[in-house]
Amino acid sequence: MWLGAGLAVGLLAGAGAGRYWVLLEAQAATQVWKERAELAQQRLAELGVRFELQTQQVRAAQGDREKSLQRERELVAAVQVAKDEAEALRKARPKAGSDEALPPPPAATLSAATIRVLEVNLPLRMLMVDVGAQGGLQAGMGFVVVHEKTPVAEVRAADVRATFTGMVIEKIYAGQQPAPGDRLVVRRK
């Protein structure tokens with residue numbers, strides 16, 4: 001009987017040991033699963049942060065693109081306005097030598113006592129004088145260039161700056177030409 005009882009105890013002990021090993025294996029598998037779940041959770045959190053940063057970068061880039069497109073639209077509009085103004089000026093430009101060419105404004109008063117020629121460019125039919133807007137000169141004003149007491153040319157103010165003016169030579173009298181130092185006299189009609 002002792003033998004049968006020993007065998008029964010041995011079998012029971014073996015069955016208990018088997019259950020113990022199964023229990024240890026299940027606990028180890030559960031621990032591995034928990035570790036993997038924690039790593040997956042951390043990875044998911046990292047990916048969420050990266051996704052949010054990338055989303056912010058995309059939104060910022062879209063905003064920059066919209067600003068660039070708006071600036072481009074504004075520049076295109078400004079260029080179109082400048083083209084329209086240039087076309088209107090081109091159409092309104094009087095023919096060379098006509099009396100309707102940019103008459104001086106009615107209230108134009110010249111405060112400069114004398115106006116002298118500084119530089120002459122005959123090929124371009126231009127000259128520069130020593131008086132500008134500060135001296136009362138205005139675009140469109142007509143003058144006669146006088147060398148000593150002899151009239152040599154007719155000019156009209158074209159590019160009036162603060163202290164000097166670019167003049168267009170409209171007419172040069174036969175055998176004459178303007179030179180630096182000549183003076184200008186207001187042209188009378």
# chains A, B, ... in the order shown; residues from 1 in each chain; ligands from 1

call {"tool": "residues_around", "arguments": {"residues": "Gly142 of chain A", "least_positions_apart": "6", "cutoff": "9 Å", "atoms": "only C-alpha atoms", "output": "PyMOL selection string"}}
result
chain A and resi 103-104+154-157+185-188

call {"tool": "write_last_selection", "arguments": {"atoms": "N, CA and C atoms", "output": "PDB file, in the first residue's frame"}}
result
ATOM      1  N   PRO A 103       1.374 122.276 -71.683  1.00  0.00           N
ATOM      2  CA  PRO A 103       1.489 123.689 -71.314  1.00  0.00           C
ATOM      3  C   PRO A 103       1.723 123.829 -69.821  1.00  0.00           C
ATOM      4  N   PRO A 104       2.370 124.927 -69.418  1.00  0.00           N
ATOM      5  CA  PRO A 104       2.610 125.101 -67.986  1.00  0.00           C
ATOM      6  C   PRO A 104       1.290 125.337 -67.268  1.00  0.00           C
ATOM      7  N   GLU A 154      14.639 126.462 -78.841  1.00  0.00           N
ATOM      8  CA  GLU A 154      13.446 126.440 -77.997  1.00  0.00           C
ATOM      9  C   GLU A 154      13.438 125.105 -77.261  1.00  0.00           C
ATOM     10  N   VAL A 155      13.149 125.174 -75.950  1.00  0.00           N
ATOM     11  CA  VAL A 155      13.152 123.966 -75.115  1.00  0.00           C
ATOM     12  C   VAL A 155      11.896 123.932 -74.246  1.00  0.00           C
ATOM     13  N   ARG A 156      11.619 122.734 -73.733  1.00  0.00           N
ATOM     14  CA  ARG A 156      10.477 122.563 -72.843  1.00  0.00           C
ATOM     15  C   ARG A 156      10.908 121.684 -71.674  1.00  0.00           C
ATOM     16  N   ALA A 157      10.500 122.076 -70.450  1.00  0.00           N
ATOM     17  CA  ALA A 157      10.848 121.322 -69.237  1.00  0.00           C
ATOM     18  C   ALA A 157      10.174 119.953 -69.295  1.00  0.00           C
ATOM     19  N   VAL A 185      15.132 132.030 -71.236  1.00  0.00           N
ATOM     20  CA  VAL A 185      14.136 133.091 -71.098  1.00  0.00           C
ATOM     21  C   VAL A 185      12.786 132.414 -71.344  1.00  0.00           C
ATOM     22  N   VAL A 186      11.784 132.786 -70.538  1.00  0.00           N
ATOM     23  CA  VAL A 186      10.455 132.191 -70.702  1.00  0.00           C
ATOM     24  C   VAL A 186       9.945 132.507 -72.109  1.00  0.00           C
ATOM     25  N   ARG A 187       9.428 131.481 -72.774  1.00  0.00           N
ATOM     26  CA  ARG A 187       8.925 131.654 -74.137  1.00  0.00           C
ATOM     27  C   ARG A 187       7.544 132.264 -74.105  1.00  0.00           C
ATOM     28  N   ARG A 188       7.324 133.281 -74.906  1.00  0.00           N
ATOM     29  CA  ARG A 188       6.024 133.938 -75.014  1.00  0.00           C
ATOM     30  C   ARG A 188       5.356 133.453 -76.281  1.00  0.00           C
TER      31      ARG A 188
END

call {"tool": "residues_around", "arguments": {"residues": "Tyr173 of chain A", "least_positions_apart": "3", "cutoff": "12 Å", "atoms": "only C-alpha atoms", "output": "ChimeraX atom specification"}}
result
/A:144-147,150-155,169-170,176-178

call {"tool": "select_by_dssp", "arguments": {"residues": "segment 58-179 of chain A", "states": "strand (DSSP E)", "output": "number ranges by chain"}}
result
A: 115-121, 126-129, 142-147, 150-160, 165-172

call {"tool": "select_by_dssp", "arguments": {"residues": "segment 25-171 of chain A", "states": "alpha helix (DSSP H)", "output": "MDAnalysis selection string"}}
result
chainID A and resid 25:92

call {"tool": "residues_around", "arguments": {"residues": "segment 123-129 of chain A", "least_positions_apart": "6", "cutoff": "6 Å", "atoms": "only C-alpha atoms", "output": "PyMOL selection string"}}
result
chain A and resi 116-117+164-169

call {"tool": "atom_distance", "arguments": {"atom1": "atom CA of Gly181 of chain A", "atom2": "atom CA of Leu118 of chain A"}}
result
6.4 Å

call {"tool": "residues_around", "arguments": {"residues": "segment 134-137 of chain A", "least_positions_apart": "2", "cutoff": "6 Å", "atoms": "only C-alpha atoms", "output": "PDB file with C-alpha atoms, in the first residue's frame"}}
result
ATOM      1  CA  THR A 109       5.469 131.376 -61.235  1.00  0.00           C
ATOM      2  CA  LEU A 110       9.181 131.223 -61.757  1.00  0.00           C
ATOM      3  CA  SER A 111      11.109 132.409 -58.704  1.00  0.00           C
ATOM      4  CA  ALA A 112      14.605 131.886 -60.142  1.00  0.00           C
ATOM      5  CA  VAL A 131      16.957 125.312 -61.643  1.00  0.00           C
ATOM      6  CA  GLY A 132      14.340 122.802 -60.577  1.00  0.00           C
ATOM      7  CA  ALA A 162      14.296 119.578 -56.869  1.00  0.00           C
TER       8      ALA A 162
END
